[in-house]
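File shown here: start_33.csv, holding CSV, C-alpha atoms.
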```csv
chain,number,residue,atom,x,y,z
A,30,MET,CA,-4.5,0.9,-14.5
A,31,ARG,CA,-4.0,3.4,-11.8
A,32,HIS,CA,-1.9,1.4,-9.3
A,33,PHE,CA,1.5,2.5,-8.1
A,34,CYS,CA,3.5,-0.7,-7.5
A,35,PHE,CA,6.6,-2.8,-8.1
A,36,PRO,CA,7.0,-6.5,-9.1
A,37,ALA,CA,8.1,-9.2,-6.7
A,38,GLY,CA,11.9,-9.2,-6.2
A,39,THR,CA,12.2,-5.4,-6.1
A,40,GLN,CA,14.7,-4.8,-3.3
A,41,ILE,CA,13.7,-2.3,-0.6
A,42,TYR,CA,16.5,-0.5,1.2
A,43,ALA,CA,17.2,0.1,4.9
A,44,ASN,CA,20.3,1.6,6.4
A,45,GLY,CA,21.7,2.2,2.9
A,46,LYS,CA,21.6,-1.4,1.7
A,47,PRO,CA,19.1,-4.0,0.4
A,48,PHE,CA,16.8,-5.0,3.3
A,49,LYS,CA,14.3,-7.4,1.7
A,50,PRO,CA,12.2,-7.9,-1.4
A,51,ILE,CA,9.0,-5.8,-1.6
A,52,GLU,CA,6.8,-8.9,-1.3
A,53,GLN,CA,8.2,-9.6,2.2
A,54,ILE,CA,7.7,-6.0,3.5
A,55,VAL,CA,5.2,-6.0,6.4
A,56,GLU,CA,3.7,-3.4,8.7
A,57,GLY,CA,6.2,-2.4,11.4
A,58,ASP,CA,9.3,-2.8,9.2
A,59,TYR,CA,11.6,0.3,9.0
A,60,VAL,CA,12.9,1.3,5.6
A,61,ASP,CA,15.0,4.1,4.2
A,62,THR,CA,13.3,7.4,3.2
A,63,LYS,CA,14.2,11.1,3.1
A,64,ASN,CA,13.2,13.6,5.7
A,65,ASP,CA,12.2,17.2,5.0
A,66,GLN,CA,15.9,18.3,4.9
A,67,GLY,CA,16.7,15.7,2.3
A,68,LYS,CA,18.6,13.4,4.8
A,69,ARG,CA,18.2,9.6,4.5
A,70,VAL,CA,16.4,8.3,7.6
A,71,LEU,CA,14.5,5.2,8.7
A,72,ALA,CA,10.7,5.3,8.8
A,73,LYS,CA,8.0,2.8,9.7
A,74,VAL,CA,5.9,0.9,7.2
A,75,VAL,CA,2.2,1.5,8.1
A,76,GLY,CA,0.4,-0.4,5.4
A,77,THR,CA,0.9,-2.8,2.5
A,78,LYS,CA,-0.9,-3.4,-0.8
A,79,VAL,CA,-1.0,-6.2,-3.4
A,80,ARG,CA,-2.6,-5.9,-6.8
A,81,PHE,CA,-2.2,-7.2,-10.3
A,82,ALA,CA,-0.6,-5.1,-13.1
A,83,ASP,CA,-1.4,-5.2,-16.8
A,84,SER,CA,1.8,-3.4,-17.8
A,85,LEU,CA,5.2,-2.5,-16.4
A,86,VAL,CA,7.8,0.1,-17.3
A,87,ILE,CA,11.6,-0.6,-17.1
A,88,LEU,CA,14.1,2.3,-16.8
A,89,TYR,CA,17.7,1.6,-18.0
A,90,HIS,CA,21.0,3.3,-17.5
A,91,GLY,CA,23.3,1.9,-20.2
A,92,ASN,CA,22.7,-1.9,-20.2
A,93,LYS,CA,21.7,-1.9,-16.5
A,94,LYS,CA,18.1,-2.2,-15.5
A,95,LEU,CA,17.6,0.5,-12.8
A,96,LEU,CA,14.0,0.0,-11.9
A,97,THR,CA,10.8,-1.7,-13.0
A,98,SER,CA,7.4,-0.3,-11.9
A,99,THR,CA,3.8,0.2,-12.9
A,100,PRO,CA,3.4,3.1,-15.4
A,101,ASN,CA,1.8,5.4,-12.8
A,102,HIS,CA,4.4,4.9,-10.0
A,103,GLN,CA,6.1,8.2,-9.2
A,104,ILE,CA,9.9,8.2,-9.2
A,105,PHE,CA,12.1,11.1,-8.0
A,106,THR,CA,13.9,13.3,-10.5
A,107,PRO,CA,15.8,16.6,-9.7
A,108,ALA,CA,12.6,18.4,-11.0
A,109,GLY,CA,10.4,16.4,-8.6
A,110,PHE,CA,8.4,13.2,-8.7
A,111,LYS,CA,7.4,11.9,-12.2
A,112,LYS,CA,5.3,9.0,-13.3
A,113,ALA,CA,7.3,6.1,-14.8
A,114,ARG,CA,5.3,6.3,-18.1
A,115,ASP,CA,6.3,9.9,-18.5
A,116,PHE,CA,10.1,9.4,-18.4
A,117,ILE,CA,12.1,10.2,-21.5
A,118,GLU,CA,15.7,9.4,-22.4
A,119,GLY,CA,18.0,11.9,-20.5
A,120,ASP,CA,15.8,12.2,-17.4
A,121,GLU,CA,17.6,11.5,-14.2
A,122,VAL,CA,16.8,9.4,-11.1
A,123,GLU,CA,18.5,9.4,-7.7
A,124,ASP,CA,20.0,6.4,-5.9
A,125,VAL,CA,20.3,5.7,-2.2
A,126,THR,CA,23.8,7.5,-2.1
A,127,GLY,CA,22.3,10.6,-3.7
A,128,LYS,CA,24.0,9.9,-7.0
A,129,LEU,CA,22.1,10.8,-10.2
A,130,PHE,CA,21.7,8.3,-13.1
A,131,SER,CA,20.6,9.3,-16.6
A,132,ILE,CA,17.9,7.2,-18.2
A,133,ASP,CA,19.3,5.9,-21.5
A,134,SER,CA,16.3,3.8,-22.5
A,135,ILE,CA,12.8,2.8,-21.5
A,136,ALA,CA,10.8,-0.3,-22.2
A,137,THR,CA,7.1,-1.0,-21.5
A,138,TYR,CA,5.6,-4.5,-21.6
A,139,THR,CA,2.2,-6.1,-21.0
A,140,THR,CA,1.9,-8.6,-18.2
A,141,SER,CA,-0.4,-10.1,-15.7
A,142,GLU,CA,1.6,-10.3,-12.5
A,143,ARG,CA,1.3,-9.5,-8.9
A,144,VAL,CA,2.7,-6.1,-7.8
A,145,TYR,CA,3.3,-4.6,-4.4
A,146,ASN,CA,3.5,-1.3,-2.6
A,147,PHE,CA,3.4,0.0,0.9
A,148,GLU,CA,2.9,3.2,2.9
A,149,VAL,CA,5.8,4.9,4.8
A,150,GLU,CA,4.8,6.9,7.8
A,151,GLY,CA,5.4,10.6,7.6
A,152,TYR,CA,7.5,10.9,4.4
A,153,HIS,CA,5.6,8.7,1.9
A,154,SER,CA,8.7,7.7,0.0
A,155,TYR,CA,11.3,4.9,0.0
A,156,TYR,CA,14.1,3.3,-2.1
A,157,ALA,CA,13.2,0.6,-4.5
A,158,ASP,CA,16.1,-1.2,-6.1
A,159,GLY,CA,18.1,1.7,-4.7
A,160,ILE,CA,16.1,4.3,-6.5
A,161,TYR,CA,14.2,7.0,-4.6
A,162,VAL,CA,10.4,6.7,-5.2
A,163,HIS,CA,7.1,7.9,-3.8
A,164,ASN,CA,4.8,5.4,-2.1
```

Rewritten as structure tokens:
Amino acid sequence: MRHFCFPAGTQIYANGKPFKPIEQIVEGDYVDTKNDQGKRVLAKVVGTKVRFADSLVILYHGNKKLLTSTPNHQIFTPAGFKKARDFIEGDEVEDVTGKLFSIDSIATYTTSERVYNFEVEGYHSYYADGIYVHN
């Protein structure tokens, strides 16, 4: 599967806090992203997508689930964006406050569930469950 998506219930951020679940995002919404200077700003959603996933990857920090995505979704690390399936223990992700979290464990599971994504005007990134990701 080559889709880059998140399951229903993934919280999308605006103004530094949860805005709405990804399945409720519509064109015209404004969500948090980063500008070219690395500052968090609001940007407009210009398109949405719904697909079905056959597998999902879960990234954990300690016992806390940080993020669930399709294997090909790109997630920001200090070294740049990296596909969820390529993460290894010790990799770091960035949250909406700029704090880095180390990935302590990774799980992959097969499924057949609806997944969602959207395009952000200009910067092509957003915060999913508080973690900085590419669209």

Next on the checklist: Under the rule that all atoms listed in the file are counted, which of A:Ala72, A:Asn146, A:Asp83, A:Asn164 is the nearest residue to Ile104 of chain A?
Outcome noted: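 Under the stated criterion, the closest residue is A:Asn164.
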
Cut-off 9 Å: closest segment 69-89 of chain A/segment 33-37 of chain A atom pairs per residue, using all atoms listed in the file, as CSV:
```
residue,atom,partner,partner_atom,distance
A:Lys78,CA,A:Cys34,CA,8.5
A:Val79,CA,A:Cys34,CA,8.2
A:Arg80,CA,A:Cys34,CA,8.0
A:Ala82,CA,A:Cys34,CA,8.2
A:Leu85,CA,A:Phe35,CA,8.4
```

Next on the checklist: Neighbouring residues of Glu150 of chain A were defined as those with any atom within 8 Å, considering all atoms listed in the file; residues of the same chain fewer than 3 positions away were excluded. Please report them as a PyMOL selection string.
Outcome noted: chain A and resi 72-75+153

Expected file contents, prior selection, C-alpha atoms, as a PDB file, in the coordinates of the input:
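Dumped everything to part03.pdb:
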```
ATOM      1  CA  ALA A  72      10.700   5.300   8.800  1.00  0.00           C
ATOM      2  CA  LYS A  73       8.000   2.800   9.700  1.00  0.00           C
ATOM      3  CA  VAL A  74       5.900   0.900   7.200  1.00  0.00           C
ATOM      4  CA  VAL A  75       2.200   1.500   8.100  1.00  0.00           C
ATOM      5  CA  HIS A 153       5.600   8.700   1.900  1.00  0.00           C
TER       6      HIS A 153
END
```

Next on the checklist: For a test of reading the model, state the distance in Å between atom CA of Ile51 of chain A and atom CA of His102 of chain A, rounded to one decimal.
Outcome noted: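 Computing the Euclidean distance for atom CA of Ile51 of chain A and atom CA of His102 of chain A yields 14.4 Å.
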
Next on the checklist: Between atom CA of Ala157 of chain A and atom CA of Glu52 of chain A, what distance in Å does the model show, to one decimal?
Outcome noted: 11.9 Å

Checklist entry - Residues at most 7 Å from Glu142 of chain A, counting all atoms listed in the file, excluding those fewer than 2 positions away in the same chain, as a ChimeraX atom specification? => result /A:81-82,140,144

Checklist outcome for this item: If you count all atoms listed in the file, the residue of A:Ala108, A:Ala43, A:Ala113, A:Ile54 closest to Val125 of chain A turns out to be A:Ala43

Checklist entry - Counting all atoms listed in the file, which of A:Val55, A:Leu96, A:Ile41, A:Val70 gets nearest to Phe130 of chain A? => result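 The answer is A:Leu96, which sits nearest to Phe130 of chain A.
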
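Of note, atom CA of Gly151 of chain A and atom CA of Gly109 of chain A are spaced 17.9 Å apart.
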
Model the absent atoms of segment 126-155 of chain A so that N, CA and C atoms are present, and write the result as a PDB file, in the coordinates of the input.
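Result file follows (rebuild.pdb):
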```
ATOM      1  N   THR A 126      22.582   6.671  -2.475  1.00  0.00           N
ATOM      2  CA  THR A 126      23.800   7.500  -2.100  1.00  0.00           C
ATOM      3  C   THR A 126      23.613   8.924  -2.470  1.00  0.00           C
ATOM      4  N   GLY A 127      22.548   9.261  -3.199  1.00  0.00           N
ATOM      5  CA  GLY A 127      22.300  10.600  -3.700  1.00  0.00           C
ATOM      6  C   GLY A 127      22.876  10.834  -5.098  1.00  0.00           C
ATOM      7  N   LYS A 128      23.493   9.810  -5.683  1.00  0.00           N
ATOM      8  CA  LYS A 128      24.000   9.900  -7.000  1.00  0.00           C
ATOM      9  C   LYS A 128      22.888   9.905  -8.057  1.00  0.00           C
ATOM     10  N   LEU A 129      23.041  10.721  -9.105  1.00  0.00           N
ATOM     11  CA  LEU A 129      22.100  10.800 -10.200  1.00  0.00           C
ATOM     12  C   LEU A 129      22.479   9.879 -11.331  1.00  0.00           C
ATOM     13  N   PHE A 130      21.507   9.183 -11.906  1.00  0.00           N
ATOM     14  CA  PHE A 130      21.700   8.300 -13.100  1.00  0.00           C
ATOM     15  C   PHE A 130      20.817   8.790 -14.189  1.00  0.00           C
ATOM     16  N   SER A 131      21.376   8.943 -15.375  1.00  0.00           N
ATOM     17  CA  SER A 131      20.600   9.300 -16.600  1.00  0.00           C
ATOM     18  C   SER A 131      19.903   8.101 -17.129  1.00  0.00           C
ATOM     19  N   ILE A 132      18.657   8.278 -17.509  1.00  0.00           N
ATOM     20  CA  ILE A 132      17.900   7.200 -18.200  1.00  0.00           C
ATOM     21  C   ILE A 132      18.274   7.188 -19.633  1.00  0.00           C
ATOM     22  N   ASP A 133      18.817   6.043 -20.071  1.00  0.00           N
ATOM     23  CA  ASP A 133      19.300   5.900 -21.500  1.00  0.00           C
ATOM     24  C   ASP A 133      18.231   5.246 -22.353  1.00  0.00           C
ATOM     25  N   SER A 134      17.393   4.394 -21.765  1.00  0.00           N
ATOM     26  CA  SER A 134      16.300   3.800 -22.500  1.00  0.00           C
ATOM     27  C   SER A 134      15.199   3.337 -21.618  1.00  0.00           C
ATOM     28  N   ILE A 135      14.036   3.155 -22.219  1.00  0.00           N
ATOM     29  CA  ILE A 135      12.800   2.800 -21.500  1.00  0.00           C
ATOM     30  C   ILE A 135      12.079   1.751 -22.249  1.00  0.00           C
ATOM     31  N   ALA A 136      11.585   0.754 -21.535  1.00  0.00           N
ATOM     32  CA  ALA A 136      10.800  -0.300 -22.200  1.00  0.00           C
ATOM     33  C   ALA A 136       9.492  -0.465 -21.405  1.00  0.00           C
ATOM     34  N   THR A 137       8.423  -0.740 -22.123  1.00  0.00           N
ATOM     35  CA  THR A 137       7.100  -1.000 -21.500  1.00  0.00           C
ATOM     36  C   THR A 137       6.672  -2.383 -22.042  1.00  0.00           C
ATOM     37  N   TYR A 138       6.135  -3.200 -21.147  1.00  0.00           N
ATOM     38  CA  TYR A 138       5.600  -4.500 -21.600  1.00  0.00           C
ATOM     39  C   TYR A 138       4.324  -4.830 -20.906  1.00  0.00           C
ATOM     40  N   THR A 139       3.495  -5.609 -21.585  1.00  0.00           N
ATOM     41  CA  THR A 139       2.200  -6.100 -21.000  1.00  0.00           C
ATOM     42  C   THR A 139       2.500  -7.322 -20.196  1.00  0.00           C
ATOM     43  N   THR A 140       1.699  -7.493 -19.152  1.00  0.00           N
ATOM     44  CA  THR A 140       1.900  -8.600 -18.200  1.00  0.00           C
ATOM     45  C   THR A 140       0.606  -8.851 -17.483  1.00  0.00           C
ATOM     46  N   SER A 141       0.605  -9.835 -16.682  1.00  0.00           N
ATOM     47  CA  SER A 141      -0.400 -10.100 -15.700  1.00  0.00           C
ATOM     48  C   SER A 141       0.265 -10.662 -14.496  1.00  0.00           C
ATOM     49  N   GLU A 142       0.836  -9.774 -13.698  1.00  0.00           N
ATOM     50  CA  GLU A 142       1.600 -10.300 -12.500  1.00  0.00           C
ATOM     51  C   GLU A 142       1.267  -9.458 -11.304  1.00  0.00           C
ATOM     52  N   ARG A 143       1.501 -10.082 -10.190  1.00  0.00           N
ATOM     53  CA  ARG A 143       1.300  -9.500  -8.900  1.00  0.00           C
ATOM     54  C   ARG A 143       2.299  -8.358  -8.677  1.00  0.00           C
ATOM     55  N   VAL A 144       1.830  -7.232  -8.155  1.00  0.00           N
ATOM     56  CA  VAL A 144       2.700  -6.100  -7.800  1.00  0.00           C
ATOM     57  C   VAL A 144       2.409  -5.641  -6.408  1.00  0.00           C
ATOM     58  N   TYR A 145       3.378  -4.930  -5.819  1.00  0.00           N
ATOM     59  CA  TYR A 145       3.300  -4.600  -4.400  1.00  0.00           C
ATOM     60  C   TYR A 145       3.669  -3.155  -4.155  1.00  0.00           C
ATOM     61  N   ASN A 146       3.115  -2.619  -3.072  1.00  0.00           N
ATOM     62  CA  ASN A 146       3.500  -1.300  -2.600  1.00  0.00           C
ATOM     63  C   ASN A 146       3.197  -1.232  -1.118  1.00  0.00           C
ATOM     64  N   PHE A 147       3.669  -0.173  -0.488  1.00  0.00           N
ATOM     65  CA  PHE A 147       3.400   0.000   0.900  1.00  0.00           C
ATOM     66  C   PHE A 147       3.490   1.497   1.260  1.00  0.00           C
ATOM     67  N   GLU A 148       2.944   1.840   2.417  1.00  0.00           N
ATOM     68  CA  GLU A 148       2.900   3.200   2.900  1.00  0.00           C
ATOM     69  C   GLU A 148       3.970   3.427   3.950  1.00  0.00           C
ATOM     70  N   VAL A 149       4.757   4.499   3.806  1.00  0.00           N
ATOM     71  CA  VAL A 149       5.800   4.900   4.800  1.00  0.00           C
ATOM     72  C   VAL A 149       5.259   6.020   5.616  1.00  0.00           C
ATOM     73  N   GLU A 150       5.284   5.845   6.917  1.00  0.00           N
ATOM     74  CA  GLU A 150       4.800   6.900   7.800  1.00  0.00           C
ATOM     75  C   GLU A 150       5.560   8.170   7.705  1.00  0.00           C
ATOM     76  N   GLY A 151       4.829   9.264   7.573  1.00  0.00           N
ATOM     77  CA  GLY A 151       5.400  10.600   7.600  1.00  0.00           C
ATOM     78  C   GLY A 151       5.933  11.099   6.256  1.00  0.00           C
ATOM     79  N   TYR A 152       6.832  10.374   5.611  1.00  0.00           N
ATOM     80  CA  TYR A 152       7.500  10.900   4.400  1.00  0.00           C
ATOM     81  C   TYR A 152       6.978  10.350   3.101  1.00  0.00           C
ATOM     82  N   HIS A 153       6.277   9.238   3.130  1.00  0.00           N
ATOM     83  CA  HIS A 153       5.600   8.700   1.900  1.00  0.00           C
ATOM     84  C   HIS A 153       6.562   8.463   0.764  1.00  0.00           C
ATOM     85  N   SER A 154       7.754   7.979   1.065  1.00  0.00           N
ATOM     86  CA  SER A 154       8.700   7.700   0.000  1.00  0.00           C
ATOM     87  C   SER A 154       9.677   6.599   0.535  1.00  0.00           C
ATOM     88  N   TYR A 155      10.372   5.938  -0.400  1.00  0.00           N
ATOM     89  CA  TYR A 155      11.300   4.900   0.000  1.00  0.00           C
ATOM     90  C   TYR A 155      12.264   4.641  -1.193  1.00  0.00           C
TER      91      TYR A 155
END
```
